[in-house]
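**Q** Below is the file entry-v3.cif, with mmCIF, C-alpha atoms; chains and numbers go by the auth columns.
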data_model
loop_
_atom_site.group_PDB
_atom_site.id
_atom_site.type_symbol
_atom_site.label_atom_id
_atom_site.label_comp_id
_atom_site.label_asym_id
_atom_site.label_seq_id
_atom_site.Cartn_x
_atom_site.Cartn_y
_atom_site.Cartn_z
_atom_site.B_iso_or_equiv
_atom_site.auth_seq_id
_atom_site.auth_asym_id
ATOM 1 C CA ILE A 1 67.878 -24.145 -41.773 0.00 1 A
ATOM 2 C CA ALA A 2 67.114 -21.141 -39.594 0.00 2 A
ATOM 3 C CA GLY A 3 66.761 -21.591 -35.841 0.00 3 A
ATOM 4 C CA ILE A 4 65.643 -24.894 -34.389 0.00 4 A
ATOM 5 C CA THR A 5 64.088 -27.785 -36.236 0.00 5 A
ATOM 6 C CA GLN A 6 62.391 -30.794 -34.676 0.00 6 A
ATOM 7 C CA ALA A 7 61.351 -34.108 -36.166 0.00 7 A
ATOM 8 C CA PRO A 8 58.921 -35.696 -36.438 0.00 8 A
ATOM 9 C CA THR A 9 56.137 -33.098 -36.270 0.00 9 A
ATOM 10 C CA SER A 10 53.833 -35.662 -34.755 0.00 10 A
ATOM 11 C CA GLN A 11 53.878 -39.354 -33.962 0.00 11 A
ATOM 12 C CA ILE A 12 51.558 -42.037 -32.676 0.00 12 A
ATOM 13 C CA LEU A 13 53.482 -44.732 -30.860 0.00 13 A
ATOM 14 C CA ALA A 14 52.558 -48.053 -29.311 0.00 14 A
ATOM 15 C CA ALA A 15 53.409 -48.437 -25.637 0.00 15 A
ATOM 16 C CA GLY A 16 56.686 -50.222 -25.091 0.00 16 A
ATOM 17 C CA ARG A 17 58.264 -48.975 -28.309 0.00 17 A
ATOM 18 C CA ARG A 18 61.475 -46.992 -28.447 0.00 18 A
ATOM 19 C CA MET A 19 61.354 -43.523 -29.961 0.00 19 A
ATOM 20 C CA THR A 20 63.915 -40.799 -30.638 0.00 20 A
ATOM 21 C CA LEU A 21 62.851 -37.213 -31.086 0.00 21 A
ATOM 22 C CA ARG A 22 65.322 -35.189 -33.091 0.00 22 A
ATOM 23 C CA CYS A 23 66.379 -31.586 -32.521 0.00 23 A
ATOM 24 C CA THR A 24 68.864 -29.553 -34.570 0.00 24 A
ATOM 25 C CA GLN A 25 69.868 -25.913 -34.185 0.00 25 A
ATOM 26 C CA ASP A 26 72.007 -23.802 -36.503 0.00 26 A
ATOM 27 C CA MET A 27 72.675 -20.873 -34.144 0.00 27 A
ATOM 28 C CA ARG A 28 75.789 -22.438 -32.588 0.00 28 A
ATOM 29 C CA HIS A 29 74.184 -22.124 -29.169 0.00 29 A
ATOM 30 C CA ASN A 30 75.953 -23.932 -26.365 0.00 30 A
ATOM 31 C CA ALA A 31 72.973 -24.752 -24.181 0.00 31 A
ATOM 32 C CA MET A 32 70.052 -26.907 -25.274 0.00 32 A
ATOM 33 C CA TYR A 33 66.942 -28.094 -23.484 0.00 33 A
ATOM 34 C CA TRP A 34 64.083 -30.533 -23.803 0.00 34 A
ATOM 35 C CA TYR A 35 60.685 -29.671 -22.341 0.00 35 A
ATOM 36 C CA ARG A 36 57.330 -31.345 -22.300 0.00 36 A
ATOM 37 C CA GLN A 37 54.168 -29.270 -22.286 0.00 37 A
ATOM 38 C CA ASP A 38 50.967 -30.595 -20.765 0.00 38 A
ATOM 39 C CA LEU A 39 47.686 -28.803 -20.228 0.00 39 A
ATOM 40 C CA GLY A 40 47.607 -27.034 -16.884 0.00 40 A
ATOM 41 C CA LEU A 41 51.223 -27.894 -16.105 0.00 41 A
ATOM 42 C CA GLY A 42 53.045 -25.623 -18.513 0.00 42 A
ATOM 43 C CA LEU A 43 56.557 -26.365 -19.705 0.00 43 A
ATOM 44 C CA ARG A 44 58.553 -28.812 -17.626 0.00 44 A
ATOM 45 C CA LEU A 45 62.238 -29.394 -18.175 0.00 45 A
ATOM 46 C CA ILE A 46 63.195 -32.985 -18.986 0.00 46 A
ATOM 47 C CA HIS A 47 66.935 -32.785 -19.697 0.00 47 A
ATOM 48 C CA TYR A 48 69.411 -30.101 -20.589 0.00 48 A
ATOM 49 C CA SER A 49 72.916 -29.744 -21.959 0.00 49 A
ATOM 50 C CA ASN A 50 75.174 -26.780 -21.206 0.00 50 A
ATOM 51 C CA THR A 51 77.626 -27.663 -23.942 0.00 51 A
ATOM 52 C CA ALA A 52 78.523 -30.516 -26.264 0.00 52 A
ATOM 53 C CA GLY A 53 79.535 -33.611 -24.320 0.00 53 A
ATOM 54 C CA THR A 54 77.596 -32.749 -21.149 0.00 54 A
ATOM 55 C CA THR A 55 74.005 -33.378 -20.095 0.00 55 A
ATOM 56 C CA GLY A 56 71.944 -32.972 -16.946 0.00 56 A
ATOM 57 C CA LYS A 57 68.570 -33.954 -15.527 0.00 57 A
ATOM 58 C CA GLY A 58 65.700 -31.546 -15.311 0.00 58 A
ATOM 59 C CA GLU A 59 62.450 -31.671 -13.397 0.00 59 A
ATOM 60 C CA VAL A 60 60.935 -34.772 -15.059 0.00 60 A
ATOM 61 C CA PRO A 61 63.786 -36.955 -16.440 0.00 61 A
ATOM 62 C CA ASP A 62 62.447 -40.455 -15.714 0.00 62 A
ATOM 63 C CA GLY A 63 61.881 -42.546 -18.835 0.00 63 A
ATOM 64 C CA TYR A 64 63.931 -40.218 -21.038 0.00 64 A
ATOM 65 C CA SER A 65 67.574 -40.033 -22.078 0.00 65 A
ATOM 66 C CA VAL A 66 69.584 -37.555 -24.112 0.00 66 A
ATOM 67 C CA SER A 67 72.973 -37.260 -25.740 0.00 67 A
ATOM 68 C CA ARG A 68 74.981 -34.291 -27.002 0.00 68 A
ATOM 69 C CA ALA A 69 77.646 -35.500 -29.381 0.00 69 A
ATOM 70 C CA ASN A 70 78.014 -32.105 -31.076 0.00 70 A
ATOM 71 C CA THR A 71 76.830 -28.508 -30.741 0.00 71 A
ATOM 72 C CA ASP A 72 73.964 -28.724 -33.204 0.00 72 A
ATOM 73 C CA ASP A 73 72.082 -31.901 -32.284 0.00 73 A
ATOM 74 C CA PHE A 74 70.300 -32.894 -29.099 0.00 74 A
ATOM 75 C CA PRO A 75 68.144 -36.024 -29.524 0.00 75 A
ATOM 76 C CA LEU A 76 65.690 -37.179 -26.869 0.00 76 A
ATOM 77 C CA THR A 77 65.043 -40.918 -26.538 0.00 77 A
ATOM 78 C CA LEU A 78 62.133 -42.700 -24.919 0.00 78 A
ATOM 79 C CA ALA A 79 63.496 -46.182 -24.265 0.00 79 A
ATOM 80 C CA SER A 80 60.110 -47.821 -23.682 0.00 80 A
ATOM 81 C CA ALA A 81 57.217 -45.435 -24.191 0.00 81 A
ATOM 82 C CA VAL A 82 54.292 -45.296 -21.763 0.00 82 A
ATOM 83 C CA PRO A 83 50.930 -43.512 -22.167 0.00 83 A
ATOM 84 C CA SER A 84 51.888 -40.886 -19.568 0.00 84 A
ATOM 85 C CA GLN A 85 54.549 -39.694 -21.999 0.00 85 A
ATOM 86 C CA THR A 86 51.824 -38.466 -24.337 0.00 86 A
ATOM 87 C CA SER A 87 52.646 -34.782 -24.619 0.00 87 A
ATOM 88 C CA VAL A 88 54.005 -32.036 -26.813 0.00 88 A
ATOM 89 C CA TYR A 89 57.794 -31.946 -26.706 0.00 89 A
ATOM 90 C CA PHE A 90 59.778 -28.776 -27.301 0.00 90 A
ATOM 91 C CA CYS A 91 63.473 -28.429 -27.872 0.00 91 A
ATOM 92 C CA ALA A 92 65.096 -25.079 -27.016 0.00 92 A
ATOM 93 C CA SER A 93 68.540 -23.518 -27.177 0.00 93 A
ATOM 94 C CA ARG A 94 70.303 -20.566 -25.576 0.00 94 A
ATOM 95 C CA GLY A 95 73.514 -18.784 -26.469 0.00 95 A
ATOM 96 C CA ARG A 96 76.335 -17.846 -24.119 0.00 96 A
ATOM 97 C CA GLY A 97 76.912 -14.252 -23.103 0.00 97 A
ATOM 98 C CA GLY A 98 75.968 -11.482 -20.739 0.00 98 A
ATOM 99 C CA ILE A 99 72.692 -9.935 -19.684 0.00 99 A
ATOM 100 C CA GLY A 100 69.876 -10.722 -22.045 0.00 100 A
ATOM 101 C CA THR A 101 71.131 -14.110 -23.061 0.00 101 A
ATOM 102 C CA ASP A 102 68.899 -16.053 -20.730 0.00 102 A
ATOM 103 C CA THR A 103 66.354 -16.136 -23.462 0.00 103 A
ATOM 104 C CA GLN A 104 65.664 -19.539 -24.856 0.00 104 A
ATOM 105 C CA TYR A 105 64.602 -20.094 -28.438 0.00 105 A
ATOM 106 C CA PHE A 106 62.128 -22.864 -29.074 0.00 106 A
ATOM 107 C CA GLY A 107 61.540 -25.291 -31.883 0.00 107 A
ATOM 108 C CA PRO A 108 58.082 -25.957 -33.342 0.00 108 A
ATOM 109 C CA GLY A 109 57.459 -29.016 -31.172 0.00 109 A
ATOM 110 C CA THR A 110 56.723 -32.718 -31.613 0.00 110 A
ATOM 111 C CA ARG A 111 53.252 -33.937 -30.723 0.00 111 A
ATOM 112 C CA LEU A 112 53.586 -37.473 -29.357 0.00 112 A
ATOM 113 C CA THR A 113 50.738 -39.848 -28.558 0.00 113 A
ATOM 114 C CA VAL A 114 51.498 -43.129 -26.816 0.00 114 A
ATOM 115 C CA LEU A 115 48.730 -45.710 -26.978 0.00 115 A
ATOM 116 C CA GLN B 1 53.207 -24.904 -4.096 0.00 1 B
ATOM 117 C CA LYS B 2 54.565 -24.126 -7.536 0.00 2 B
ATOM 118 C CA GLU B 3 57.440 -21.686 -7.796 0.00 3 B
ATOM 119 C CA VAL B 4 55.539 -19.700 -10.419 0.00 4 B
ATOM 120 C CA GLU B 5 51.772 -19.311 -10.436 0.00 5 B
ATOM 121 C CA GLN B 6 49.841 -18.094 -13.458 0.00 6 B
ATOM 122 C CA ASP B 7 46.093 -17.958 -13.976 0.00 7 B
ATOM 123 C CA PRO B 8 45.351 -20.270 -16.927 0.00 8 B
ATOM 124 C CA GLY B 9 42.333 -18.277 -18.113 0.00 9 B
ATOM 125 C CA PRO B 10 40.920 -18.401 -20.677 0.00 10 B
ATOM 126 C CA LEU B 11 40.675 -14.649 -20.930 0.00 11 B
ATOM 127 C CA SER B 12 38.319 -13.283 -23.585 0.00 12 B
ATOM 128 C CA VAL B 13 38.339 -9.575 -24.470 0.00 13 B
ATOM 129 C CA PRO B 14 37.003 -7.398 -27.276 0.00 14 B
ATOM 130 C CA GLU B 15 39.360 -5.908 -29.824 0.00 15 B
ATOM 131 C CA GLY B 16 40.902 -2.674 -28.573 0.00 16 B
ATOM 132 C CA ALA B 17 40.753 -3.623 -24.890 0.00 17 B
ATOM 133 C CA ILE B 18 43.671 -3.348 -22.493 0.00 18 B
ATOM 134 C CA VAL B 19 44.778 -6.778 -21.340 0.00 19 B
ATOM 135 C CA SER B 20 46.560 -7.507 -18.078 0.00 20 B
ATOM 136 C CA LEU B 21 48.340 -10.839 -17.622 0.00 21 B
ATOM 137 C CA ASN B 22 50.004 -11.706 -14.337 0.00 22 B
ATOM 138 C CA CYS B 23 52.292 -14.142 -12.573 0.00 23 B
ATOM 139 C CA THR B 24 53.312 -14.509 -8.967 0.00 24 B
ATOM 140 C CA TYR B 25 56.394 -16.318 -7.749 0.00 25 B
ATOM 141 C CA SER B 26 57.880 -17.501 -4.505 0.00 26 B
ATOM 142 C CA ASN B 27 61.649 -17.552 -5.127 0.00 27 B
ATOM 143 C CA SER B 28 63.159 -14.182 -4.174 0.00 28 B
ATOM 144 C CA ALA B 29 66.338 -15.093 -6.109 0.00 29 B
ATOM 145 C CA PHE B 30 64.613 -14.590 -9.463 0.00 30 B
ATOM 146 C CA GLN B 31 66.021 -11.554 -11.203 0.00 31 B
ATOM 147 C CA TYR B 32 65.339 -12.112 -14.896 0.00 32 B
ATOM 148 C CA PHE B 33 61.789 -12.187 -16.136 0.00 33 B
ATOM 149 C CA MET B 34 60.433 -13.058 -19.543 0.00 34 B
ATOM 150 C CA TRP B 35 57.140 -13.282 -21.340 0.00 35 B
ATOM 151 C CA TYR B 36 56.691 -15.761 -24.147 0.00 36 B
ATOM 152 C CA ARG B 37 53.833 -15.876 -26.617 0.00 37 B
ATOM 153 C CA GLN B 38 52.689 -19.213 -28.000 0.00 38 B
ATOM 154 C CA TYR B 39 50.292 -19.526 -30.884 0.00 39 B
ATOM 155 C CA SER B 40 48.254 -22.674 -31.241 0.00 40 B
ATOM 156 C CA ARG B 41 50.372 -25.670 -32.291 0.00 41 B
ATOM 157 C CA LYS B 42 53.562 -23.567 -32.363 0.00 42 B
ATOM 158 C CA GLY B 43 56.599 -23.206 -30.137 0.00 43 B
ATOM 159 C CA PRO B 44 56.861 -20.346 -27.601 0.00 44 B
ATOM 160 C CA GLU B 45 58.520 -17.165 -28.872 0.00 45 B
ATOM 161 C CA LEU B 46 60.122 -14.504 -26.694 0.00 46 B
ATOM 162 C CA LEU B 47 58.014 -11.377 -26.374 0.00 47 B
ATOM 163 C CA MET B 48 59.545 -9.353 -23.538 0.00 48 B
ATOM 164 C CA TYR B 49 62.612 -9.566 -21.312 0.00 49 B
ATOM 165 C CA THR B 50 63.171 -7.555 -18.132 0.00 50 B
ATOM 166 C CA TYR B 51 65.771 -7.469 -15.408 0.00 51 B
ATOM 167 C CA SER B 52 64.921 -6.820 -11.746 0.00 52 B
ATOM 168 C CA SER B 53 62.122 -4.411 -10.868 0.00 53 B
ATOM 169 C CA GLY B 54 60.631 -1.774 -13.122 0.00 54 B
ATOM 170 C CA ASN B 55 58.816 -1.374 -16.407 0.00 55 B
ATOM 171 C CA LYS B 56 59.786 -2.064 -19.986 0.00 56 B
ATOM 172 C CA GLU B 57 57.761 -0.965 -22.969 0.00 57 B
ATOM 173 C CA ASP B 58 57.830 -2.295 -26.525 0.00 58 B
ATOM 174 C CA GLY B 59 55.124 -0.990 -28.805 0.00 59 B
ATOM 175 C CA ARG B 60 51.751 -2.066 -27.444 0.00 60 B
ATOM 176 C CA PHE B 61 53.351 -4.288 -24.810 0.00 61 B
ATOM 177 C CA THR B 62 54.527 -3.272 -21.341 0.00 62 B
ATOM 178 C CA ALA B 63 56.195 -5.637 -18.902 0.00 63 B
ATOM 179 C CA GLN B 64 56.186 -4.733 -15.242 0.00 64 B
ATOM 180 C CA VAL B 65 58.113 -6.350 -12.396 0.00 65 B
ATOM 181 C CA ASP B 66 57.481 -5.771 -8.692 0.00 66 B
ATOM 182 C CA LYS B 67 60.072 -7.798 -6.833 0.00 67 B
ATOM 183 C CA SER B 68 58.880 -6.643 -3.425 0.00 68 B
ATOM 184 C CA SER B 69 55.515 -8.272 -4.109 0.00 69 B
ATOM 185 C CA LYS B 70 56.972 -11.094 -6.228 0.00 70 B
ATOM 186 C CA TYR B 71 54.556 -10.162 -8.974 0.00 71 B
ATOM 187 C CA ILE B 72 55.025 -9.572 -12.688 0.00 72 B
ATOM 188 C CA SER B 73 52.601 -8.309 -15.295 0.00 73 B
ATOM 189 C CA LEU B 74 52.286 -7.983 -19.034 0.00 74 B
ATOM 190 C CA PHE B 75 49.970 -5.291 -20.382 0.00 75 B
ATOM 191 C CA ILE B 76 48.726 -5.284 -23.946 0.00 76 B
ATOM 192 C CA ARG B 77 47.214 -2.035 -25.197 0.00 77 B
ATOM 193 C CA ASP B 78 44.800 -1.822 -28.097 0.00 78 B
ATOM 194 C CA SER B 79 44.563 -5.596 -28.261 0.00 79 B
ATOM 195 C CA GLN B 80 44.160 -7.190 -31.672 0.00 80 B
ATOM 196 C CA PRO B 81 42.749 -10.558 -32.768 0.00 81 B
ATOM 197 C CA SER B 82 46.327 -11.447 -33.750 0.00 82 B
ATOM 198 C CA ASP B 83 47.231 -11.237 -30.044 0.00 83 B
ATOM 199 C CA SER B 84 45.100 -14.331 -29.412 0.00 84 B
ATOM 200 C CA ALA B 85 47.578 -16.849 -28.030 0.00 85 B
ATOM 201 C CA THR B 86 48.812 -18.395 -24.815 0.00 86 B
ATOM 202 C CA TYR B 87 51.157 -16.171 -22.823 0.00 87 B
ATOM 203 C CA LEU B 88 53.753 -17.807 -20.603 0.00 88 B
ATOM 204 C CA CYS B 89 55.786 -16.034 -17.979 0.00 89 B
ATOM 205 C CA ALA B 90 59.273 -17.356 -17.260 0.00 90 B
ATOM 206 C CA MET B 91 61.957 -16.402 -14.799 0.00 91 B
ATOM 207 C CA SER B 92 65.502 -17.184 -13.769 0.00 92 B
ATOM 208 C CA PRO B 93 67.917 -16.218 -11.004 0.00 93 B
ATOM 209 C CA PHE B 94 70.899 -15.979 -13.334 0.00 94 B
ATOM 210 C CA SER B 95 72.075 -14.249 -16.466 0.00 95 B
ATOM 211 C CA GLY B 96 74.357 -15.951 -18.917 0.00 96 B
ATOM 212 C CA GLY B 97 76.267 -19.047 -17.985 0.00 97 B
ATOM 213 C CA TYR B 98 74.176 -21.984 -16.964 0.00 98 B
ATOM 214 C CA ASN B 99 70.549 -21.350 -16.119 0.00 99 B
ATOM 215 C CA LYS B 100 67.173 -23.008 -16.060 0.00 100 B
ATOM 216 C CA LEU B 101 64.019 -21.088 -16.737 0.00 101 B
ATOM 217 C CA ILE B 102 60.979 -21.675 -14.560 0.00 102 B
ATOM 218 C CA PHE B 103 57.745 -21.278 -16.510 0.00 103 B
ATOM 219 C CA GLY B 104 54.231 -20.456 -15.475 0.00 104 B
ATOM 220 C CA ALA B 105 51.468 -22.695 -16.819 0.00 105 B
ATOM 221 C CA GLY B 106 50.391 -20.036 -19.354 0.00 106 B
ATOM 222 C CA THR B 107 47.286 -17.867 -19.780 0.00 107 B
ATOM 223 C CA ARG B 108 45.121 -18.362 -22.846 0.00 108 B
ATOM 224 C CA LEU B 109 43.970 -15.072 -24.367 0.00 109 B
ATOM 225 C CA ALA B 110 41.273 -14.652 -27.001 0.00 110 B
ATOM 226 C CA VAL B 111 40.704 -11.234 -28.583 0.00 111 B
ATOM 227 C CA HIS B 112 37.479 -11.136 -30.549 0.00 112 B
ATOM 228 C CA PRO B 113 36.649 -8.586 -33.251 0.00 113 B
#
Written as structure tokens, that's how I'd like the structure from this file.
**A**
Amino acid sequence: IAGITQAPTSQILAAGRRMTLRCTQDMRHNAMYWYRQDLGLGLRLIHYSNTAGTTGKGEVPDGYSVSRANTDDFPLTLASAVPSQTSVYFCASRGRGGIGTDTQYFGPGTRLTVL
Amino acid sequence: QKEVEQDPGPLSVPEGAIVSLNCTYSNSAFQYFMWYRQYSRKGPELLMYTYSSGNKEDGRFTAQVDKSSKYISLFIRDSQPSDSATYLCAMSPFSGGYNKLIFGAGTRLAVHP
């Protein structure tokens, strides 16, 4: 593994179903993020985690939950999917350090359709 | 009003043209500015990173920050079809430690041969 991997690549889901999007990074980055990307709205932060064991809410957290049991994994769960959660979901990570470490590295994305 | 405004385009230019992509922002606390490039059906990848005001050049790409006008630009010289992508600006008030990036909506660029 090199960088960030996400699974599945794409998914069609019936409304009301539960779904977990997986994200794994091998860069030993402390901070991880989940974004959704919608046309005309850009990337919006859903949840973040500064380090293993801690999480926080972003701009659009409703309907989503996350956990951070270890450094490498940061799954995003939709407890009961709704059509408005149809989007492309990106996981990102960022290392700890000085100037220049604000850069976030993104995974390839999960394309989710909720019907 | 959004914190970061970016014209969504699309912008279509001939190969070899100079491209100018821009973002404006409202939060004067932003100090770190980034440009990401996103190819179709891929994740964003970091293209340029600048701190505070000034210019930064990397090959055919130049990033420019004017904090007094709250305006940032990305210039692409001698544009190539391989530059066709969506370009997202992003910014943050902090370096290191905890931070959240604020993204523009992205500008779609098409460079045709």
**Q** Using all atoms listed in the file and a distance of at most 12 Å, pull out the residues of chain B that contact chain A, as an NGL selection string.
**A** :B and (2 or 4-10 or 31-52 or 86-108)
**Q** In Å, how far is it from atom CA of A:Asp62 to atom CA of A:Trp34?
**A**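 Computing the Euclidean distance for atom CA of A:Asp62 and atom CA of A:Trp34 yields 12.9 Å.
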**Q** Please compute the atom CA of A:Gln25-atom CA of A:Thr9 distance, one decimal, in Å.
**A**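 Computing it gives 15.6 Å between the two atoms.
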**Q** Please measure the separation of atom CA of A:Asn70 and atom CA of A:Asp26, giving the value in Å to one decimal.
**A**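 Between these atoms lies a distance of 11.6 Å.
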**Q** Show me the residues around (55.3, -47.2, -27.7) - criterion: an atom at most 7 Å away, all atoms listed in the file counted - as JSON, numbers by chain.
**A** {"A": [13, 14, 15, 16, 17, 18, 80, 81, 82, 114, 115]}
**Q** Which residues are near A:Asp72? Cut-off 9 Å, all atoms listed in the file, ignore same chain within fewer than 3 positions. Put them as a PyMOL selection string.
**A** chain A and resi 23-30+52+68-69
**Q** Can you write out the residues you just picked, keeping C-alpha atoms, as a PDB file, keeping the file's coordinate frame?
**A**
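Result saved to result.pdb:
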ATOM      1  CA  CYS A  23      66.379 -31.586 -32.521  1.00  0.00           C
ATOM      2  CA  THR A  24      68.864 -29.553 -34.570  1.00  0.00           C
ATOM      3  CA  GLN A  25      69.868 -25.913 -34.185  1.00  0.00           C
ATOM      4  CA  ASP A  26      72.007 -23.802 -36.503  1.00  0.00           C
ATOM      5  CA  MET A  27      72.675 -20.873 -34.144  1.00  0.00           C
ATOM      6  CA  ARG A  28      75.789 -22.438 -32.588  1.00  0.00           C
ATOM      7  CA  HIS A  29      74.184 -22.124 -29.169  1.00  0.00           C
ATOM      8  CA  ASN A  30      75.953 -23.932 -26.365  1.00  0.00           C
ATOM      9  CA  ALA A  52      78.523 -30.516 -26.264  1.00  0.00           C
ATOM     10  CA  ARG A  68      74.981 -34.291 -27.002  1.00  0.00           C
ATOM     11  CA  ALA A  69      77.646 -35.500 -29.381  1.00  0.00           C
TER      12      ALA A  69
END
**Q** Excluding B:Ser73 and any residue of its chain fewer than 4 positions from it, enumerate the residues within 8 Å of it, using all atoms listed in the file, and give them as a list in words.
**A**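 Result of the neighbour search: Ser20, Leu21, Asn22, Cys23, Ala63, Gln64 and Val65 of chain B.
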**Q** Do you know which residues the PyMOL selection byres ((chain B and resi 16) around 9) returns on this file, as a list in words?
**A** Val13, Pro14, Glu15, Ala17, Ile18, Arg77, Asp78, Ser79, Gln80, Val111 and Pro113 of chain B
**Q** Please fill the gaps in stretch 61-80 of chain A so it has N, CA and C atoms, and write that as a PDB file, keeping the file's coordinate frame.
**A**
ATOM      1  N   PRO A  61      62.901 -36.202 -15.542  1.00  0.00           N
ATOM      2  CA  PRO A  61      63.786 -36.955 -16.440  1.00  0.00           C
ATOM      3  C   PRO A  61      63.463 -38.432 -16.615  1.00  0.00           C
ATOM      4  N   ASP A  62      62.643 -39.002 -15.717  1.00  0.00           N
ATOM      5  CA  ASP A  62      62.447 -40.455 -15.714  1.00  0.00           C
ATOM      6  C   ASP A  62      61.793 -40.927 -17.009  1.00  0.00           C
ATOM      7  N   GLY A  63      62.403 -41.963 -17.599  1.00  0.00           N
ATOM      8  CA  GLY A  63      61.881 -42.546 -18.835  1.00  0.00           C
ATOM      9  C   GLY A  63      62.470 -41.926 -20.090  1.00  0.00           C
ATOM     10  N   TYR A  64      63.333 -40.918 -19.899  1.00  0.00           N
ATOM     11  CA  TYR A  64      63.931 -40.218 -21.038  1.00  0.00           C
ATOM     12  C   TYR A  64      65.462 -40.230 -20.917  1.00  0.00           C
ATOM     13  N   SER A  65      66.126 -40.204 -22.076  1.00  0.00           N
ATOM     14  CA  SER A  65      67.574 -40.033 -22.078  1.00  0.00           C
ATOM     15  C   SER A  65      67.953 -39.103 -23.223  1.00  0.00           C
ATOM     16  N   VAL A  66      69.100 -38.462 -23.082  1.00  0.00           N
ATOM     17  CA  VAL A  66      69.584 -37.555 -24.112  1.00  0.00           C
ATOM     18  C   VAL A  66      71.067 -37.784 -24.340  1.00  0.00           C
ATOM     19  N   SER A  67      71.544 -37.267 -25.448  1.00  0.00           N
ATOM     20  CA  SER A  67      72.973 -37.260 -25.740  1.00  0.00           C
ATOM     21  C   SER A  67      73.300 -35.948 -26.434  1.00  0.00           C
ATOM     22  N   ARG A  68      74.580 -35.539 -26.344  1.00  0.00           N
ATOM     23  CA  ARG A  68      74.981 -34.291 -27.002  1.00  0.00           C
ATOM     24  C   ARG A  68      76.380 -34.518 -27.576  1.00  0.00           C
ATOM     25  N   ALA A  69      76.379 -35.144 -28.739  1.00  0.00           N
ATOM     26  CA  ALA A  69      77.646 -35.500 -29.381  1.00  0.00           C
ATOM     27  C   ALA A  69      78.303 -34.295 -30.051  1.00  0.00           C
ATOM     28  N   ASN A  70      77.481 -33.310 -30.433  1.00  0.00           N
ATOM     29  CA  ASN A  70      78.014 -32.105 -31.076  1.00  0.00           C
ATOM     30  C   ASN A  70      77.151 -30.910 -30.678  1.00  0.00           C
ATOM     31  N   THR A  71      77.529 -29.731 -31.144  1.00  0.00           N
ATOM     32  CA  THR A  71      76.830 -28.508 -30.741  1.00  0.00           C
ATOM     33  C   THR A  71      75.412 -28.439 -31.289  1.00  0.00           C
ATOM     34  N   ASP A  72      75.219 -28.972 -32.494  1.00  0.00           N
ATOM     35  CA  ASP A  72      73.964 -28.724 -33.204  1.00  0.00           C
ATOM     36  C   ASP A  72      72.818 -29.656 -32.842  1.00  0.00           C
ATOM     37  N   ASP A  73      73.125 -30.880 -32.427  1.00  0.00           N
ATOM     38  CA  ASP A  73      72.082 -31.901 -32.284  1.00  0.00           C
ATOM     39  C   ASP A  73      71.885 -32.310 -30.833  1.00  0.00           C
ATOM     40  N   PHE A  74      70.618 -32.524 -30.487  1.00  0.00           N
ATOM     41  CA  PHE A  74      70.300 -32.894 -29.099  1.00  0.00           C
ATOM     42  C   PHE A  74      69.086 -33.822 -29.126  1.00  0.00           C
ATOM     43  N   PRO A  75      69.281 -35.105 -29.436  1.00  0.00           N
ATOM     44  CA  PRO A  75      68.144 -36.024 -29.524  1.00  0.00           C
ATOM     45  C   PRO A  75      67.642 -36.465 -28.152  1.00  0.00           C
ATOM     46  N   LEU A  76      66.349 -36.687 -28.084  1.00  0.00           N
ATOM     47  CA  LEU A  76      65.690 -37.179 -26.869  1.00  0.00           C
ATOM     48  C   LEU A  76      65.130 -38.565 -27.161  1.00  0.00           C
ATOM     49  N   THR A  77      65.470 -39.540 -26.323  1.00  0.00           N
ATOM     50  CA  THR A  77      65.043 -40.918 -26.538  1.00  0.00           C
ATOM     51  C   THR A  77      64.122 -41.387 -25.424  1.00  0.00           C
ATOM     52  N   LEU A  78      63.015 -41.998 -25.837  1.00  0.00           N
ATOM     53  CA  LEU A  78      62.133 -42.700 -24.919  1.00  0.00           C
ATOM     54  C   LEU A  78      62.438 -44.182 -25.104  1.00  0.00           C
ATOM     55  N   ALA A  79      63.028 -44.803 -24.114  1.00  0.00           N
ATOM     56  CA  ALA A  79      63.496 -46.182 -24.265  1.00  0.00           C
ATOM     57  C   ALA A  79      62.331 -47.165 -24.421  1.00  0.00           C
ATOM     58  N   SER A  80      61.279 -46.948 -23.646  1.00  0.00           N
ATOM     59  CA  SER A  80      60.110 -47.821 -23.682  1.00  0.00           C
ATOM     60  C   SER A  80      58.899 -46.945 -23.347  1.00  0.00           C
TER      61      SER A  80
END
